[in-house]
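Asks: So that you have it, the file is protein-v3.csv, and it contains CSV, C-alpha atoms:
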```csv
chain,number,residue,atom,x,y,z
Z,1,MET,CA,92.4,-36.6,59.4
Z,2,ARG,CA,89.1,-37.3,61.2
Z,3,PRO,CA,89.5,-38.1,64.9
Z,4,SER,CA,87.8,-41.1,66.5
Z,5,GLY,CA,85.8,-41.5,69.7
Z,6,LYS,CA,82.4,-40.5,70.9
Z,7,GLY,CA,81.6,-36.8,70.2
Z,8,SER,CA,84.8,-36.2,68.5
Z,9,TRP,CA,83.4,-35.7,65.0
Z,10,ARG,CA,81.1,-32.9,66.1
Z,11,LYS,CA,83.9,-31.3,68.0
Z,12,TYR,CA,86.2,-31.6,64.9
Z,13,VAL,CA,83.6,-29.9,62.8
Z,14,GLN,CA,82.9,-27.2,65.3
Z,15,GLU,CA,86.6,-26.4,65.6
Z,16,GLY,CA,86.4,-25.5,61.9
Z,17,ASN,CA,88.5,-28.3,60.6
Z,18,LEU,CA,86.1,-28.9,57.6
Z,19,LYS,CA,86.6,-26.2,55.0
Z,20,ASN,CA,83.8,-27.5,52.8
Z,21,ASP,CA,80.6,-27.3,54.8
Z,22,THR,CA,78.7,-29.2,52.2
Z,23,LEU,CA,80.1,-32.3,53.8
Z,24,ILE,CA,78.0,-31.8,56.9
Z,25,LYS,CA,74.7,-30.7,55.2
Z,26,ARG,CA,71.8,-33.1,55.8
Z,27,GLY,CA,70.5,-33.1,52.2
Z,28,MET,CA,67.5,-31.4,50.7
Z,29,PRO,CA,64.8,-30.2,53.2
Z,30,PHE,CA,62.1,-31.9,51.1
Z,31,GLU,CA,61.5,-34.8,48.7
Z,32,CYS,CA,58.6,-35.8,46.5
Z,33,GLY,CA,59.2,-39.4,45.2
Z,34,ASP,CA,56.7,-41.0,42.9
Z,35,VAL,CA,56.8,-44.2,45.1
Z,36,PRO,CA,54.4,-46.2,47.3
Z,37,ASP,CA,53.9,-45.3,50.9
Z,38,PRO,CA,56.2,-47.9,52.4
Z,39,SER,CA,59.1,-46.5,50.4
Z,40,TYR,CA,59.5,-43.9,53.1
Z,41,PHE,CA,60.2,-44.7,56.8
Z,42,ASP,CA,56.7,-43.9,58.1
Z,43,GLY,CA,55.1,-46.2,55.5
Z,44,LYS,CA,57.4,-49.0,56.7
Z,45,THR,CA,56.4,-48.3,60.3
Z,46,THR,CA,52.7,-48.5,59.3
Z,47,GLN,CA,53.3,-51.8,57.5
Z,48,LYS,CA,55.1,-53.3,60.6
Z,49,ALA,CA,52.3,-52.1,62.8
Z,50,ILE,CA,49.7,-53.7,60.5
Z,51,ASP,CA,51.6,-57.0,60.5
Z,52,PHE,CA,51.6,-56.8,64.3
Z,53,LEU,CA,47.8,-56.1,64.5
Z,54,ARG,CA,47.0,-59.0,62.2
Z,55,LYS,CA,49.0,-61.4,64.5
Z,56,ALA,CA,47.5,-59.8,67.6
Z,57,GLY,CA,44.0,-60.3,66.3
Z,58,ASP,CA,44.7,-64.0,65.9
Z,59,ASN,CA,46.0,-64.4,69.5
Z,60,ASN,CA,42.9,-63.2,71.2
Z,61,LYS,CA,45.0,-61.8,74.0
Z,62,PRO,CA,45.3,-58.2,75.3
Z,63,PHE,CA,48.2,-56.2,73.8
Z,64,PHE,CA,49.7,-52.8,73.7
Z,65,LEU,CA,51.1,-51.2,70.5
Z,66,ALA,CA,52.7,-47.8,70.4
Z,67,VAL,CA,53.3,-46.4,66.9
Z,68,GLY,CA,55.3,-43.2,66.3
Z,69,PHE,CA,55.8,-41.3,63.1
Z,70,LEU,CA,58.6,-39.0,62.0
Z,71,LYS,CA,56.5,-36.8,59.9
Z,72,PRO,CA,55.5,-34.0,59.5
Z,73,HIS,CA,59.0,-33.0,60.8
Z,74,LEU,CA,62.0,-32.2,58.6
Z,75,PRO,CA,62.9,-33.2,56.0
Z,76,PHE,CA,59.5,-33.0,54.4
Z,77,ASN,CA,59.7,-36.2,52.5
Z,78,ALA,CA,56.4,-37.8,51.3
Z,79,PRO,CA,55.2,-39.8,48.3
Z,80,LYS,CA,54.2,-37.6,45.3
Z,81,LYS,CA,50.5,-38.5,45.7
Z,82,TYR,CA,50.4,-36.5,48.9
Z,83,TRP,CA,52.2,-33.5,47.3
Z,84,ASP,CA,49.6,-33.7,44.4
Z,85,ILE,CA,46.8,-33.0,46.9
Z,86,TYR,CA,47.9,-29.4,47.2
Z,87,ASN,CA,48.3,-26.7,44.5
Z,88,PRO,CA,51.4,-24.7,45.3
Z,89,ALA,CA,49.8,-21.6,43.8
Z,90,GLU,CA,47.1,-21.8,46.4
Z,91,ILE,CA,49.4,-22.4,49.4
Z,92,GLY,CA,51.2,-19.0,49.3
Z,93,ILE,CA,53.4,-17.6,51.9
Z,94,ALA,CA,52.9,-15.8,55.2
Z,95,ASP,CA,51.3,-12.3,54.8
Z,96,ASN,CA,53.7,-11.1,57.5
Z,97,PRO,CA,56.8,-13.2,58.0
Z,98,ASN,CA,58.1,-10.9,60.8
Z,99,PRO,CA,57.9,-11.9,64.5
Z,100,PRO,CA,55.4,-10.1,66.6
Z,101,VAL,CA,56.8,-6.8,67.9
Z,102,ASP,CA,56.4,-7.8,71.6
Z,103,ALA,CA,57.4,-11.4,71.2
Z,104,PRO,CA,59.9,-12.6,73.9
Z,105,ARG,CA,63.4,-13.3,72.6
Z,106,GLN,CA,63.0,-17.0,73.6
Z,107,ALA,CA,60.1,-17.3,71.1
Z,108,ILE,CA,62.3,-16.2,68.2
Z,109,HIS,CA,64.7,-18.7,66.7
Z,110,ASN,CA,67.1,-18.8,63.8
Z,111,TRP,CA,65.7,-22.0,62.2
Z,112,GLY,CA,68.8,-23.9,63.3
Z,113,GLU,CA,67.6,-27.3,62.1
Z,114,LEU,CA,66.3,-26.0,58.8
Z,115,ARG,CA,69.5,-24.2,58.0
Z,116,GLN,CA,71.4,-27.5,58.1
Z,117,TYR,CA,69.8,-28.5,54.8
Z,118,TYR,CA,71.0,-27.8,51.2
Z,119,SER,CA,69.3,-24.8,49.5
Z,120,ILE,CA,68.6,-23.1,52.8
Z,121,PRO,CA,70.6,-19.9,53.4
Z,122,GLU,CA,72.8,-20.0,56.5
Z,123,LYS,CA,71.4,-16.6,57.5
Z,124,GLY,CA,68.5,-14.3,56.6
Z,125,ALA,CA,65.1,-14.9,55.2
Z,126,LEU,CA,64.0,-17.6,52.8
Z,127,THR,CA,63.0,-16.7,49.3
Z,128,ASP,CA,59.2,-16.8,48.7
Z,129,SER,CA,59.7,-19.8,46.5
Z,130,ALA,CA,61.6,-21.7,49.2
Z,131,ALA,CA,59.0,-20.8,51.8
Z,132,ASN,CA,56.2,-22.0,49.5
Z,133,LYS,CA,58.0,-25.3,48.7
Z,134,LEU,CA,58.6,-26.0,52.4
Z,135,ARG,CA,54.9,-25.3,53.3
Z,136,HIS,CA,53.9,-27.5,50.4
Z,137,GLY,CA,56.1,-30.3,51.8
Z,138,TYR,CA,54.8,-29.8,55.3
Z,139,TYR,CA,51.2,-30.1,54.1
Z,140,ALA,CA,52.1,-33.3,52.1
Z,141,CYS,CA,53.7,-34.8,55.2
Z,142,VAL,CA,50.7,-34.0,57.3
Z,143,SER,CA,48.5,-35.8,54.7
Z,144,TYR,CA,50.9,-38.7,54.5
Z,145,THR,CA,50.9,-39.2,58.3
Z,146,ASP,CA,47.1,-38.8,58.4
Z,147,SER,CA,46.9,-41.6,55.8
Z,148,GLN,CA,49.2,-43.8,57.8
Z,149,VAL,CA,47.1,-43.3,60.9
Z,150,GLY,CA,43.9,-44.0,58.9
Z,151,MET,CA,45.4,-47.3,57.6
Z,152,LEU,CA,46.1,-48.4,61.2
Z,153,LEU,CA,42.6,-47.5,62.4
Z,154,ASN,CA,41.1,-49.4,59.4
Z,155,GLU,CA,43.2,-52.4,60.3
Z,156,ILE,CA,42.1,-52.3,63.9
Z,157,GLU,CA,38.4,-52.2,62.8
Z,158,LYS,CA,38.9,-54.9,60.1
Z,159,ASN,CA,40.5,-57.3,62.6
Z,160,GLY,CA,37.8,-56.6,65.3
Z,161,LEU,CA,40.4,-55.1,67.7
Z,162,ALA,CA,38.5,-51.9,68.4
Z,163,GLU,CA,36.5,-53.4,71.2
Z,164,ASP,CA,38.0,-53.9,74.7
Z,165,ARG,CA,38.8,-57.5,75.3
Z,166,LYS,CA,39.4,-59.0,78.7
Z,167,SER,CA,42.4,-61.2,79.2
Z,168,THR,CA,41.9,-64.9,78.7
Z,169,ARG,CA,44.6,-65.9,81.2
```
For this file, write the structure as structure tokens.
Replies:
Amino acid sequence: MRPSGKGSWRKYVQEGNLKNDTLIKRGMPFECGDVPDPSYFDGKTTQKAIDFLRKAGDNNKPFFLAVGFLKPHLPFNAPKKYWDIYNPAEIGIADNPNPPVDAPRQAIHNWGELRQYYSIPEKGALTDSAANKLRHGYYACVSYTDSQVGMLLNEIEKNGLAEDRKSTR
């Protein structure tokens, strides 16, 4: 039986009460949906920011807008068109996946976040195929985020918001 109360689920899991660890996995570490940009969270964020910019342009008053994106962090989910920019055969893997000989212990980690996803081994190295797929997903997410920022900058220009405007108060 699952306990209730703040923090109790994590404690319940840490105490080994779940025998099937697949119940606590986060899902796949990447996704490549053949969908439009707003189908993923960062695309929705961009659309909301664009809506705000259009209204702000009509107000003719100073404003501040902060926009944050989740990508390129895990999971590496981005629309297919961004994955298609890169050829997996050209991405490759690290020539030397080992940490530098004199690297401080604090600089080496066990990929704790990554290991919480399906298809990622709990210990040890990734297969070359998995490493390549993750790099591919990371590249796709960087391009996806770059495109979102570009859309925002274009909207700022389009609405004449790039110039500093003094308050009309």
Asks: Just the residues within 6 Å of region 133-149 of chain Z, please, counting only C-alpha atoms, with nothing from its chain fewer than 2 positions along; format it as a PyMOL selection string.
Replies: chain Z and resi 71-72+76+78+82-83+130-131+151-152
Asks: So which residues touch Asp42 (chain Z) within 9 Å, counting all atoms listed in the file, skipping near sequence neighbours fewer than 2 positions away, as a PDB file with C-alpha atoms, in the coordinates of the input?
Replies:
```
ATOM      1  CA  ASP Z  37      53.900 -45.300  50.900  1.00  0.00           C
ATOM      2  CA  PRO Z  38      56.200 -47.900  52.400  1.00  0.00           C
ATOM      3  CA  SER Z  39      59.100 -46.500  50.400  1.00  0.00           C
ATOM      4  CA  TYR Z  40      59.500 -43.900  53.100  1.00  0.00           C
ATOM      5  CA  LYS Z  44      57.400 -49.000  56.700  1.00  0.00           C
ATOM      6  CA  THR Z  45      56.400 -48.300  60.300  1.00  0.00           C
ATOM      7  CA  THR Z  46      52.700 -48.500  59.300  1.00  0.00           C
ATOM      8  CA  GLN Z  47      53.300 -51.800  57.500  1.00  0.00           C
ATOM      9  CA  GLY Z  68      55.300 -43.200  66.300  1.00  0.00           C
ATOM     10  CA  PHE Z  69      55.800 -41.300  63.100  1.00  0.00           C
ATOM     11  CA  LEU Z  70      58.600 -39.000  62.000  1.00  0.00           C
ATOM     12  CA  LYS Z  71      56.500 -36.800  59.900  1.00  0.00           C
ATOM     13  CA  TYR Z 144      50.900 -38.700  54.500  1.00  0.00           C
ATOM     14  CA  THR Z 145      50.900 -39.200  58.300  1.00  0.00           C
ATOM     15  CA  GLN Z 148      49.200 -43.800  57.800  1.00  0.00           C
TER      16      GLN Z 148
END
```
Asks: May I have the residues within 10 Å of Glu113 (chain Z) as a compact mmCIF listing (two decimals) with C-alpha atoms, keeping the file's coordinate frame, using all atoms listed in the file and disregarding those fewer than 5 positions away in the same chain?
Replies:
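part.txt, freshly written:
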```
# COMPACT_ATOMS: atom_id res chain seq x y z
CA ARG Z 26 71.80 -33.10 55.80
CA PRO Z 29 64.80 -30.20 53.20
CA LEU Z 74 62.00 -32.20 58.60
CA PRO Z 75 62.90 -33.20 56.00
```
Asks: Using only C-alpha atoms, determine which residues lie at most 9 Å from Lys25 (chain Z), disregarding the query and same-chain residues fewer than 6 positions distant; provide the list as JSON, numbers by chain.
Replies: {"Z": [115, 116, 117, 118]}
Asks: Could you tell me how far CA of Ile156 (chain Z) sits from CA of Arg54 (chain Z), in Å to one decimal place?
Replies: 8.5 Å
Asks: Determine the nearest neighbour of Val67 (chain Z) from the options Z:Tyr86, Z:Ala94, Z:Lys158, Z:Leu153, counting all atoms listed in the file.
Replies: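 The answer is Z:Leu153, which sits nearest to Val67 (chain Z).
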Asks: Separation of CA of Ala107 (chain Z) and CA of Pro121 (chain Z), in Å?
Replies: 20.7 Å
Asks: Starting from the sparse input, extend region 104-115 of chain Z to all heavy atoms and give the output as an mmCIF file, in the frame of the given file.
Replies:
```cif
data_model
loop_
_atom_site.group_PDB
_atom_site.id
_atom_site.type_symbol
_atom_site.label_atom_id
_atom_site.label_comp_id
_atom_site.auth_asym_id
_atom_site.auth_seq_id
_atom_site.Cartn_x
_atom_site.Cartn_y
_atom_site.Cartn_z
ATOM 1 N N PRO Z 104 58.646 -12.437 73.100
ATOM 2 C CA PRO Z 104 59.900 -12.600 73.900
ATOM 3 C C PRO Z 104 60.983 -13.193 73.059
ATOM 4 O O PRO Z 104 60.732 -13.938 72.111
ATOM 5 C CB PRO Z 104 59.428 -13.577 75.010
ATOM 6 C CG PRO Z 104 58.189 -14.231 74.508
ATOM 7 C CD PRO Z 104 57.562 -13.296 73.525
ATOM 8 N N ARG Z 105 62.188 -12.846 73.391
ATOM 9 C CA ARG Z 105 63.400 -13.300 72.600
ATOM 10 C C ARG Z 105 63.398 -14.821 72.515
ATOM 11 O O ARG Z 105 63.784 -15.361 71.493
ATOM 12 C CB ARG Z 105 64.633 -12.789 73.322
ATOM 13 C CG ARG Z 105 65.902 -13.044 72.549
ATOM 14 C CD ARG Z 105 67.128 -12.454 73.229
ATOM 15 N NE ARG Z 105 67.294 -12.875 74.609
ATOM 16 C CZ ARG Z 105 67.853 -14.037 74.989
ATOM 17 N NH1 ARG Z 105 68.286 -14.879 74.100
ATOM 18 N NH2 ARG Z 105 67.964 -14.335 76.270
ATOM 19 N N GLN Z 106 62.952 -15.521 73.557
ATOM 20 C CA GLN Z 106 63.000 -17.000 73.600
ATOM 21 C C GLN Z 106 62.051 -17.580 72.491
ATOM 22 O O GLN Z 106 62.221 -18.726 72.083
ATOM 23 C CB GLN Z 106 62.582 -17.545 74.928
ATOM 24 C CG GLN Z 106 63.544 -17.201 76.034
ATOM 25 C CD GLN Z 106 63.251 -15.834 76.659
ATOM 26 O OE1 GLN Z 106 62.470 -15.045 76.157
ATOM 27 N NE2 GLN Z 106 63.918 -15.542 77.759
ATOM 28 N N ALA Z 107 61.058 -16.797 72.071
ATOM 29 C CA ALA Z 107 60.100 -17.300 71.100
ATOM 30 C C ALA Z 107 60.646 -17.185 69.654
ATOM 31 O O ALA Z 107 60.101 -17.775 68.731
ATOM 32 C CB ALA Z 107 58.791 -16.529 71.191
ATOM 33 N N ILE Z 108 61.700 -16.443 69.479
ATOM 34 C CA ILE Z 108 62.300 -16.200 68.200
ATOM 35 C C ILE Z 108 63.497 -17.145 68.018
ATOM 36 O O ILE Z 108 64.332 -17.220 68.903
ATOM 37 C CB ILE Z 108 62.733 -14.754 67.976
ATOM 38 C CG1 ILE Z 108 61.644 -13.771 68.436
ATOM 39 C CG2 ILE Z 108 63.174 -14.495 66.550
ATOM 40 C CD1 ILE Z 108 60.329 -13.914 67.731
ATOM 41 N N HIS Z 109 63.575 -17.840 66.918
ATOM 42 C CA HIS Z 109 64.700 -18.700 66.700
ATOM 43 C C HIS Z 109 65.282 -18.493 65.305
ATOM 44 O O HIS Z 109 64.677 -17.824 64.473
ATOM 45 C CB HIS Z 109 64.369 -20.180 66.941
ATOM 46 C CG HIS Z 109 63.293 -20.685 66.043
ATOM 47 N ND1 HIS Z 109 63.522 -21.119 64.770
ATOM 48 C CD2 HIS Z 109 61.967 -20.812 66.244
ATOM 49 C CE1 HIS Z 109 62.389 -21.501 64.213
ATOM 50 N NE2 HIS Z 109 61.428 -21.309 65.095
ATOM 51 N N ASN Z 110 66.432 -19.077 65.050
ATOM 52 C CA ASN Z 110 67.100 -18.800 63.800
ATOM 53 C C ASN Z 110 66.959 -20.008 62.797
ATOM 54 O O ASN Z 110 67.730 -20.136 61.869
ATOM 55 C CB ASN Z 110 68.592 -18.532 64.001
ATOM 56 C CG ASN Z 110 69.321 -19.729 64.581
ATOM 57 O OD1 ASN Z 110 68.728 -20.779 64.829
ATOM 58 N ND2 ASN Z 110 70.615 -19.577 64.795
ATOM 59 N N TRP Z 111 65.985 -20.888 63.035
ATOM 60 C CA TRP Z 111 65.700 -22.000 62.200
ATOM 61 C C TRP Z 111 66.968 -22.928 62.084
ATOM 62 O O TRP Z 111 67.365 -23.390 61.028
ATOM 63 C CB TRP Z 111 65.342 -21.630 60.760
ATOM 64 C CG TRP Z 111 64.232 -20.654 60.609
ATOM 65 C CD1 TRP Z 111 63.213 -20.427 61.490
ATOM 66 C CD2 TRP Z 111 64.011 -19.771 59.520
ATOM 67 N NE1 TRP Z 111 62.369 -19.467 61.001
ATOM 68 C CE2 TRP Z 111 62.846 -19.042 59.788
ATOM 69 C CE3 TRP Z 111 64.684 -19.530 58.332
ATOM 70 C CZ2 TRP Z 111 62.341 -18.101 58.923
ATOM 71 C CZ3 TRP Z 111 64.184 -18.594 57.476
ATOM 72 C CH2 TRP Z 111 63.021 -17.887 57.757
ATOM 73 N N GLY Z 112 67.595 -23.168 63.232
ATOM 74 C CA GLY Z 112 68.800 -23.900 63.300
ATOM 75 C C GLY Z 112 68.757 -25.267 62.554
ATOM 76 O O GLY Z 112 69.654 -25.616 61.781
ATOM 77 N N GLU Z 113 67.693 -26.022 62.781
ATOM 78 C CA GLU Z 113 67.600 -27.300 62.100
ATOM 79 C C GLU Z 113 67.412 -27.114 60.590
ATOM 80 O O GLU Z 113 68.100 -27.753 59.790
ATOM 81 C CB GLU Z 113 66.401 -28.116 62.635
ATOM 82 C CG GLU Z 113 66.248 -29.463 61.939
ATOM 83 C CD GLU Z 113 65.008 -30.239 62.341
ATOM 84 O OE1 GLU Z 113 64.173 -29.716 63.108
ATOM 85 O OE2 GLU Z 113 64.876 -31.375 61.870
ATOM 86 N N LEU Z 114 66.524 -26.231 60.193
ATOM 87 C CA LEU Z 114 66.300 -26.000 58.800
ATOM 88 C C LEU Z 114 67.531 -25.559 58.044
ATOM 89 O O LEU Z 114 67.803 -25.986 56.927
ATOM 90 C CB LEU Z 114 65.152 -24.966 58.599
ATOM 91 C CG LEU Z 114 64.786 -24.621 57.159
ATOM 92 C CD1 LEU Z 114 64.275 -25.851 56.416
ATOM 93 C CD2 LEU Z 114 63.752 -23.505 57.144
ATOM 94 N N ARG Z 115 68.331 -24.742 58.688
ATOM 95 C CA ARG Z 115 69.500 -24.200 58.000
ATOM 96 C C ARG Z 115 70.603 -25.260 57.804
ATOM 97 O O ARG Z 115 71.588 -25.003 57.134
ATOM 98 C CB ARG Z 115 70.071 -23.035 58.839
ATOM 99 C CG ARG Z 115 69.111 -21.846 58.819
ATOM 100 C CD ARG Z 115 69.758 -20.592 59.321
ATOM 101 N NE ARG Z 115 68.826 -19.517 59.508
ATOM 102 C CZ ARG Z 115 68.336 -18.736 58.534
ATOM 103 N NH1 ARG Z 115 68.677 -18.940 57.297
ATOM 104 N NH2 ARG Z 115 67.500 -17.755 58.827
#
```
